[in-house]
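A.B. asks: The file below is input.tsv, TSV, C-alpha atoms:
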chain	number	residue	atom	x	y	z
A	1	MET	CA	42.05	-19.26	-177.30
A	2	LYS	CA	45.11	-19.79	-179.51
A	3	ILE	CA	46.94	-16.85	-177.93
A	4	SER	CA	46.20	-18.23	-174.44
A	5	ARG	CA	47.65	-21.60	-175.43
A	6	TYR	CA	50.68	-19.91	-177.01
A	7	ILE	CA	51.37	-17.78	-173.92
A	8	PHE	CA	51.04	-20.83	-171.66
A	9	ALA	CA	53.52	-22.72	-173.86
A	10	VAL	CA	55.99	-19.80	-173.73
A	11	ILE	CA	55.73	-19.58	-169.94
A	12	THR	CA	56.14	-23.34	-169.52
A	13	LEU	CA	59.13	-23.53	-171.86
A	14	PHE	CA	60.79	-20.51	-170.27
A	15	ILE	CA	60.41	-21.93	-166.75
A	16	LEU	CA	61.81	-25.24	-167.98
A	17	TRP	CA	64.73	-23.36	-169.55
A	18	LEU	CA	65.47	-21.58	-166.29
A	19	LEU	CA	65.31	-24.82	-164.32
A	20	LEU	CA	67.58	-26.69	-166.72
A	21	THR	CA	70.20	-23.96	-167.16
A	22	ASP	CA	70.24	-23.08	-163.43
A	23	THR	CA	71.44	-19.56	-164.12
A	24	PHE	CA	70.04	-16.07	-164.27
A	25	HIS	CA	72.79	-14.41	-166.32
A	26	SER	CA	71.11	-11.88	-168.57
A	27	ALA	CA	72.44	-13.35	-171.84
A	28	GLU	CA	71.16	-16.82	-171.01
A	29	VAL	CA	67.81	-15.50	-169.83
A	30	TRP	CA	67.39	-13.60	-173.13
A	31	VAL	CA	68.37	-16.67	-175.16
A	32	GLY	CA	65.88	-18.74	-173.14
A	33	ALA	CA	63.12	-16.20	-173.73
A	34	PHE	CA	63.86	-16.07	-177.46
A	35	CYS	CA	63.98	-19.88	-177.78
A	36	SER	CA	60.75	-20.20	-175.80
A	37	LEU	CA	58.98	-17.76	-178.12
A	38	ILE	CA	60.16	-19.59	-181.24
A	39	ILE	CA	59.56	-23.14	-180.00
A	40	ALA	CA	56.13	-22.24	-178.63
A	41	ALA	CA	55.10	-20.89	-182.02
A	42	PHE	CA	55.52	-24.37	-183.50
A	43	THR	CA	54.46	-26.54	-180.56
A	44	TYR	CA	51.79	-24.67	-178.56
A	45	ALA	CA	49.01	-26.96	-179.82
A	46	ALA	CA	50.71	-29.94	-178.15
A	47	PHE	CA	50.95	-28.26	-174.74
A	48	THR	CA	47.36	-27.84	-173.69
A	49	GLU	CA	43.82	-27.23	-174.80
A	50	LYS	CA	43.05	-24.97	-171.84
A	51	GLY	CA	45.82	-22.40	-172.19
A	52	LEU	CA	46.32	-19.95	-169.35
A	53	SER	CA	43.49	-21.46	-167.32
A	54	ASN	CA	46.07	-24.10	-166.34
A	55	LEU	CA	47.70	-21.43	-164.19
A	56	ASN	CA	44.75	-21.52	-161.80
A	57	PRO	CA	46.09	-21.01	-158.23
A	58	LYS	CA	44.28	-24.15	-157.00
A	59	ARG	CA	45.97	-26.29	-159.64
A	60	ILE	CA	49.36	-24.80	-158.86
A	61	PHE	CA	48.80	-25.37	-155.13
A	62	TRP	CA	47.96	-29.05	-155.65
A	63	LEU	CA	50.95	-29.48	-157.98
A	64	ILE	CA	53.20	-28.08	-155.25
A	65	VAL	CA	51.55	-30.45	-152.74
A	66	TYR	CA	52.06	-33.36	-155.14
A	67	ILE	CA	55.82	-32.95	-155.53
A	68	PRO	CA	56.84	-33.86	-151.95
A	69	TYR	CA	54.09	-36.50	-151.85
A	70	PHE	CA	55.52	-38.09	-155.00
A	71	PHE	CA	59.07	-38.02	-153.61
A	72	TRP	CA	57.83	-39.66	-150.39
A	73	GLU	CA	56.14	-42.46	-152.37
A	74	MET	CA	59.23	-42.84	-154.54
A	75	THR	CA	61.47	-43.06	-151.45
A	76	LYS	CA	59.27	-45.76	-149.92
A	77	ALA	CA	59.34	-47.73	-153.19
A	78	ASN	CA	63.13	-47.36	-153.46
A	79	LEU	CA	63.57	-48.72	-149.94
A	80	ASP	CA	61.18	-51.60	-150.66
A	81	VAL	CA	63.00	-52.61	-153.85
A	82	ALA	CA	66.43	-52.22	-152.21
A	83	TYR	CA	65.29	-54.40	-149.30
A	84	ARG	CA	64.05	-57.06	-151.72
A	85	VAL	CA	67.43	-57.02	-153.48
A	86	ILE	CA	69.47	-57.19	-150.26
A	87	ASN	CA	67.31	-59.82	-148.58
A	88	PRO	CA	67.06	-62.85	-150.89
A	89	ARG	CA	64.53	-64.53	-148.57
A	90	LEU	CA	62.04	-61.76	-149.22
A	91	PRO	CA	59.94	-63.09	-152.07
A	92	ILE	CA	59.02	-61.29	-155.23
A	93	LYS	CA	55.89	-62.02	-157.17
A	94	PRO	CA	56.23	-60.16	-160.47
A	95	GLY	CA	53.37	-59.86	-162.86
A	96	ILE	CA	51.36	-57.63	-165.14
A	97	VAL	CA	48.13	-56.26	-163.73
A	98	MET	CA	45.36	-54.25	-165.30
A	99	VAL	CA	44.21	-51.23	-163.32
A	100	LYS	CA	41.57	-48.61	-164.02
A	101	THR	CA	42.32	-44.93	-163.83
A	102	LYS	CA	39.84	-42.26	-162.82
A	103	MET	CA	41.63	-39.62	-164.88
A	104	LYS	CA	39.65	-38.39	-167.88
A	105	SER	CA	42.17	-36.11	-169.62
A	106	ASP	CA	45.08	-37.49	-171.61
A	107	ILE	CA	47.56	-35.28	-169.74
A	108	GLY	CA	46.20	-36.57	-166.43
A	109	LYS	CA	46.61	-40.18	-167.58
A	110	ILE	CA	50.15	-39.42	-168.72
A	111	ALA	CA	50.99	-37.83	-165.37
A	112	VAL	CA	49.70	-40.87	-163.47
A	113	ALA	CA	51.42	-43.32	-165.83
A	114	ASN	CA	54.74	-41.48	-165.53
A	115	SER	CA	54.43	-41.28	-161.75
A	116	ILE	CA	53.90	-45.04	-161.66
A	117	THR	CA	56.87	-45.68	-163.94
A	118	LEU	CA	59.17	-43.37	-161.97
A	119	THR	CA	58.35	-45.30	-158.81
A	120	PRO	CA	60.70	-48.31	-158.49
A	121	GLY	CA	59.00	-51.69	-158.65
A	122	THR	CA	56.33	-50.60	-161.14
A	123	LEU	CA	56.36	-49.90	-164.85
A	124	THR	CA	53.48	-48.67	-166.97
A	125	LEU	CA	53.42	-50.78	-170.11
A	126	ASP	CA	50.34	-49.43	-171.88
A	127	VAL	CA	47.40	-47.07	-171.44
A	128	LYS	CA	44.18	-47.80	-173.30
A	129	GLY	CA	41.16	-45.69	-172.44
A	130	ASP	CA	40.69	-45.91	-168.69
A	131	LYS	CA	42.84	-49.04	-168.37
A	132	MET	CA	46.56	-49.17	-167.59
A	133	PHE	CA	48.72	-52.25	-167.79
A	134	ILE	CA	51.39	-52.21	-165.10
A	135	HIS	CA	54.33	-54.53	-164.48
A	136	TRP	CA	54.54	-54.87	-160.71
A	137	ILE	CA	57.43	-56.41	-158.79
A	138	TRP	CA	55.14	-57.58	-155.99
A	139	VAL	CA	51.61	-58.33	-157.14
A	140	LYS	CA	49.55	-57.92	-154.00
A	141	SER	CA	46.24	-58.43	-155.77
A	142	ASP	CA	45.05	-59.57	-159.20
A	143	ASP	CA	41.69	-57.92	-158.57
A	144	VAL	CA	41.32	-54.85	-160.80
A	145	GLU	CA	39.60	-52.74	-158.13
A	146	LYS	CA	42.11	-53.54	-155.38
A	147	ALA	CA	45.12	-53.10	-157.71
A	148	SER	CA	43.61	-49.80	-158.88
A	149	GLU	CA	43.59	-48.55	-155.29
A	150	LEU	CA	47.13	-49.75	-154.60
A	151	ILE	CA	48.94	-48.48	-157.71
A	152	PRO	CA	47.43	-45.42	-159.45
A	153	GLY	CA	45.05	-44.59	-156.61
A	154	VAL	CA	47.78	-43.05	-154.48
A	155	PHE	CA	48.78	-40.64	-157.23
A	156	GLU	CA	45.32	-39.94	-158.62
A	157	LYS	CA	44.06	-38.43	-155.38
A	158	ILE	CA	46.16	-35.33	-155.89
A	159	LEU	CA	46.76	-35.34	-159.65
A	160	LYS	CA	43.00	-35.28	-160.26
A	161	ARG	CA	42.96	-31.85	-158.63
A	162	VAL	CA	45.81	-30.69	-160.83
A	163	PHE	CA	44.71	-31.96	-164.25
A	164	GLU	CA	40.93	-32.42	-164.13
Would you give me this structure, written as structure tokens?
C.D. replies:
Amino acid sequence: MKISRYIFAVITLFILWLLLTDTFHSAEVWVGAFCSLIIAAFTYAAFTEKGLSNLNPKRIFWLIVYIPYFFWEMTKANLDVAYRVINPRLPIKPGIVMVKTKMKSDIGKIAVANSITLTPGTLTLDVKGDKMFIHWIWVKSDDVEKASELIPGVFEKILKRVFE
């Protein structure tokens, strides 16, 4: 199992290297491969417990589906916040709400929490067990169940298929 986790870490780091350097020159590709091998040797335990099973085609498919979905939700939130800034008559009702997440794995909870934080108008303050504390620019409901549908629910539908 350790070798599977190590190989997954190398693959993940190498893909990240390629995305961040945005080049396929042979020297940079070799440096990226070497760095990925070295860094993975020290950090593979932090990447995953499942190793190469994360590269399941179903998980990859749902991750690919999630990316445009996330950008659509982020665009809608950007427009909402911009409209609230431009139109001073549009009220805001900021507050901190507690929501429950259906995600069981830590990586799944992190993915949902980061998706919430990257969406303008919301900020994940804390995650404790299955509860998340979110600062929300427009509190539509104080009810835990309703807020759980409105905030993390939109992201959990797809991310559950990726991380659970």
A.B. asks: Given the choices A:Gly32, A:Gly121, A:Pro57, A:Pro88, which gets closest to Arg161 of chain A if the distance is worked out from all atoms listed in the file?
C.D. replies: A:Pro57
A.B. asks: Around all of segment 81-96 of chain A's listed atoms, make the axis-aligned box with 4 Å on each side and tell me centre and edge lengths in Å to one decimal, as lines of an AutoDock Vina configuration file.
C.D. replies:
center_x = 60.4
center_y = -58.4
center_z = -156.9
size_x = 26.1
size_y = 20.3
size_z = 24.6
A.B. asks: Between A:Ala27, A:Ile11, A:Leu159, A:Met103, which has the minimum distance to Phe47 of chain A (counting all atoms listed in the file)?
C.D. replies: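 Between A:Ala27, A:Ile11, A:Leu159, A:Met103, the residue approaching Phe47 of chain A most closely is A:Ile11.
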A.B. asks: Of the candidates A:Ser4, A:Thr12, A:Thr124, A:Ser148, which one gets nearest to Cys35 of chain A if we count only C-alpha atoms?
C.D. replies: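 Using only C-alpha atoms, Cys35 of chain A sits closest to A:Thr12.
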A.B. asks: Do a neighbour search on segment 129-137 of chain A at 10 Å with all atoms listed in the file, toss out local chain neighbours closer than 5 positions, and write the hits as a VMD selection string.
C.D. replies: chain A and resid 81 84 91 to 106 109 112 to 113 116 to 117 120 to 124 144 147 to 148 151 to 152
A.B. asks: Could you check the closest approach to Leu16 of chain A for each of A:Ala33, A:Ile38, A:Ile64, A:Ala46 and tell me which residue wins, using all atoms listed in the file?
C.D. replies: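 Residue with the minimum atom-to-atom distance to Leu16 of chain A: A:Ala33.
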A.B. asks: Taking all atoms listed in the file into account, name the residue in A:Val162, A:Ile60, A:Leu18, A:Leu90 that is nearest to Ala111 of chain A.
C.D. replies: A:Val162
A.B. asks: Regenerate segment 127-162 of chain A at the level of N, CA and C atoms and dump it as a PDB file, in the coordinates of the input.
C.D. replies:
ATOM      1  N   VAL A 127      48.604 -47.769-171.893  1.00  0.00           N
ATOM      2  CA  VAL A 127      47.400 -47.070-171.440  1.00  0.00           C
ATOM      3  C   VAL A 127      46.398 -47.131-172.580  1.00  0.00           C
ATOM      4  N   LYS A 128      45.240 -47.713-172.292  1.00  0.00           N
ATOM      5  CA  LYS A 128      44.180 -47.800-173.300  1.00  0.00           C
ATOM      6  C   LYS A 128      42.880 -47.377-172.646  1.00  0.00           C
ATOM      7  N   GLY A 129      42.388 -46.210-173.032  1.00  0.00           N
ATOM      8  CA  GLY A 129      41.160 -45.690-172.440  1.00  0.00           C
ATOM      9  C   GLY A 129      41.362 -45.440-170.953  1.00  0.00           C
ATOM     10  N   ASP A 130      40.548 -46.087-170.135  1.00  0.00           N
ATOM     11  CA  ASP A 130      40.690 -45.910-168.690  1.00  0.00           C
ATOM     12  C   ASP A 130      41.468 -47.064-168.047  1.00  0.00           C
ATOM     13  N   LYS A 131      42.085 -47.895-168.878  1.00  0.00           N
ATOM     14  CA  LYS A 131      42.840 -49.040-168.370  1.00  0.00           C
ATOM     15  C   LYS A 131      44.345 -48.807-168.550  1.00  0.00           C
ATOM     16  N   MET A 132      45.101 -49.201-167.530  1.00  0.00           N
ATOM     17  CA  MET A 132      46.560 -49.170-167.590  1.00  0.00           C
ATOM     18  C   MET A 132      47.063 -50.574-167.305  1.00  0.00           C
ATOM     19  N   PHE A 133      48.097 -50.966-168.020  1.00  0.00           N
ATOM     20  CA  PHE A 133      48.720 -52.250-167.790  1.00  0.00           C
ATOM     21  C   PHE A 133      50.073 -51.990-167.143  1.00  0.00           C
ATOM     22  N   ILE A 134      50.240 -52.513-165.929  1.00  0.00           N
ATOM     23  CA  ILE A 134      51.390 -52.210-165.100  1.00  0.00           C
ATOM     24  C   ILE A 134      52.159 -53.482-164.787  1.00  0.00           C
ATOM     25  N   HIS A 135      53.482 -53.441-164.977  1.00  0.00           N
ATOM     26  CA  HIS A 135      54.330 -54.530-164.480  1.00  0.00           C
ATOM     27  C   HIS A 135      54.669 -54.174-163.045  1.00  0.00           C
ATOM     28  N   TRP A 136      54.418 -55.103-162.143  1.00  0.00           N
ATOM     29  CA  TRP A 136      54.540 -54.870-160.710  1.00  0.00           C
ATOM     30  C   TRP A 136      55.471 -55.906-160.125  1.00  0.00           C
ATOM     31  N   ILE A 137      56.448 -55.482-159.352  1.00  0.00           N
ATOM     32  CA  ILE A 137      57.430 -56.410-158.790  1.00  0.00           C
ATOM     33  C   ILE A 137      56.819 -57.302-157.710  1.00  0.00           C
ATOM     34  N   TRP A 138      55.795 -56.811-157.044  1.00  0.00           N
ATOM     35  CA  TRP A 138      55.140 -57.580-155.990  1.00  0.00           C
ATOM     36  C   TRP A 138      53.636 -57.438-156.151  1.00  0.00           C
ATOM     37  N   VAL A 139      53.046 -58.377-156.872  1.00  0.00           N
ATOM     38  CA  VAL A 139      51.610 -58.330-157.140  1.00  0.00           C
ATOM     39  C   VAL A 139      50.871 -58.698-155.863  1.00  0.00           C
ATOM     40  N   LYS A 140      50.281 -57.704-155.245  1.00  0.00           N
ATOM     41  CA  LYS A 140      49.550 -57.920-154.000  1.00  0.00           C
ATOM     42  C   LYS A 140      48.126 -58.391-154.265  1.00  0.00           C
ATOM     43  N   SER A 141      47.599 -58.042-155.442  1.00  0.00           N
ATOM     44  CA  SER A 141      46.240 -58.430-155.770  1.00  0.00           C
ATOM     45  C   SER A 141      46.055 -58.446-157.282  1.00  0.00           C
ATOM     46  N   ASP A 142      45.402 -59.497-157.772  1.00  0.00           N
ATOM     47  CA  ASP A 142      45.050 -59.570-159.200  1.00  0.00           C
ATOM     48  C   ASP A 142      43.734 -58.865-159.478  1.00  0.00           C
ATOM     49  N   ASP A 143      42.977 -58.580-158.435  1.00  0.00           N
ATOM     50  CA  ASP A 143      41.690 -57.920-158.570  1.00  0.00           C
ATOM     51  C   ASP A 143      41.885 -56.504-159.104  1.00  0.00           C
ATOM     52  N   VAL A 144      41.166 -56.153-160.144  1.00  0.00           N
ATOM     53  CA  VAL A 144      41.320 -54.850-160.800  1.00  0.00           C
ATOM     54  C   VAL A 144      41.040 -53.715-159.825  1.00  0.00           C
ATOM     55  N   GLU A 145      39.966 -53.825-159.056  1.00  0.00           N
ATOM     56  CA  GLU A 145      39.600 -52.740-158.130  1.00  0.00           C
ATOM     57  C   GLU A 145      40.659 -52.544-157.049  1.00  0.00           C
ATOM     58  N   LYS A 146      41.114 -53.632-156.458  1.00  0.00           N
ATOM     59  CA  LYS A 146      42.110 -53.540-155.380  1.00  0.00           C
ATOM     60  C   LYS A 146      43.446 -53.033-155.929  1.00  0.00           C
ATOM     61  N   ALA A 147      43.870 -53.554-157.085  1.00  0.00           N
ATOM     62  CA  ALA A 147      45.120 -53.100-157.710  1.00  0.00           C
ATOM     63  C   ALA A 147      45.015 -51.629-158.107  1.00  0.00           C
ATOM     64  N   SER A 148      43.816 -51.198-158.505  1.00  0.00           N
ATOM     65  CA  SER A 148      43.610 -49.800-158.880  1.00  0.00           C
ATOM     66  C   SER A 148      43.761 -48.869-157.686  1.00  0.00           C
ATOM     67  N   GLU A 149      43.400 -49.344-156.517  1.00  0.00           N
ATOM     68  CA  GLU A 149      43.590 -48.550-155.290  1.00  0.00           C
ATOM     69  C   GLU A 149      45.064 -48.512-154.906  1.00  0.00           C
ATOM     70  N   LEU A 150      45.751 -49.630-155.060  1.00  0.00           N
ATOM     71  CA  LEU A 150      47.130 -49.750-154.600  1.00  0.00           C
ATOM     72  C   LEU A 150      48.140 -49.037-155.505  1.00  0.00           C
ATOM     73  N   ILE A 151      47.925 -49.056-156.811  1.00  0.00           N
ATOM     74  CA  ILE A 151      48.940 -48.480-157.710  1.00  0.00           C
ATOM     75  C   ILE A 151      48.585 -47.049-158.114  1.00  0.00           C
ATOM     76  N   PRO A 152      47.655 -46.822-159.057  1.00  0.00           N
ATOM     77  CA  PRO A 152      47.430 -45.420-159.450  1.00  0.00           C
ATOM     78  C   PRO A 152      46.644 -44.612-158.435  1.00  0.00           C
ATOM     79  N   GLY A 153      45.902 -45.289-157.567  1.00  0.00           N
ATOM     80  CA  GLY A 153      45.050 -44.590-156.610  1.00  0.00           C
ATOM     81  C   GLY A 153      45.797 -43.601-155.745  1.00  0.00           C
ATOM     82  N   VAL A 154      47.027 -43.945-155.344  1.00  0.00           N
ATOM     83  CA  VAL A 154      47.780 -43.050-154.480  1.00  0.00           C
ATOM     84  C   VAL A 154      48.155 -41.757-155.186  1.00  0.00           C
ATOM     85  N   PHE A 155      48.398 -41.832-156.480  1.00  0.00           N
ATOM     86  CA  PHE A 155      48.780 -40.640-157.230  1.00  0.00           C
ATOM     87  C   PHE A 155      47.559 -39.860-157.729  1.00  0.00           C
ATOM     88  N   GLU A 156      46.508 -40.585-158.059  1.00  0.00           N
ATOM     89  CA  GLU A 156      45.320 -39.940-158.620  1.00  0.00           C
ATOM     90  C   GLU A 156      44.629 -38.990-157.650  1.00  0.00           C
ATOM     91  N   LYS A 157      44.728 -39.268-156.364  1.00  0.00           N
ATOM     92  CA  LYS A 157      44.060 -38.430-155.380  1.00  0.00           C
ATOM     93  C   LYS A 157      44.427 -36.964-155.536  1.00  0.00           C
ATOM     94  N   ILE A 158      45.704 -36.708-155.760  1.00  0.00           N
ATOM     95  CA  ILE A 158      46.160 -35.330-155.890  1.00  0.00           C
ATOM     96  C   ILE A 158      46.180 -34.882-157.347  1.00  0.00           C
ATOM     97  N   LEU A 159      46.648 -35.738-158.242  1.00  0.00           N
ATOM     98  CA  LEU A 159      46.760 -35.340-159.650  1.00  0.00           C
ATOM     99  C   LEU A 159      45.403 -35.027-160.270  1.00  0.00           C
ATOM    100  N   LYS A 160      44.346 -35.601-159.758  1.00  0.00           N
ATOM    101  CA  LYS A 160      43.000 -35.280-160.260  1.00  0.00           C
ATOM    102  C   LYS A 160      42.695 -33.799-160.034  1.00  0.00           C
ATOM    103  N   ARG A 161      43.178 -33.266-158.933  1.00  0.00           N
ATOM    104  CA  ARG A 161      42.960 -31.850-158.630  1.00  0.00           C
ATOM    105  C   ARG A 161      43.838 -30.941-159.480  1.00  0.00           C
ATOM    106  N   VAL A 162      44.914 -31.481-160.007  1.00  0.00           N
ATOM    107  CA  VAL A 162      45.810 -30.690-160.830  1.00  0.00           C
ATOM    108  C   VAL A 162      45.341 -30.677-162.291  1.00  0.00           C
TER     109      VAL A 162
END
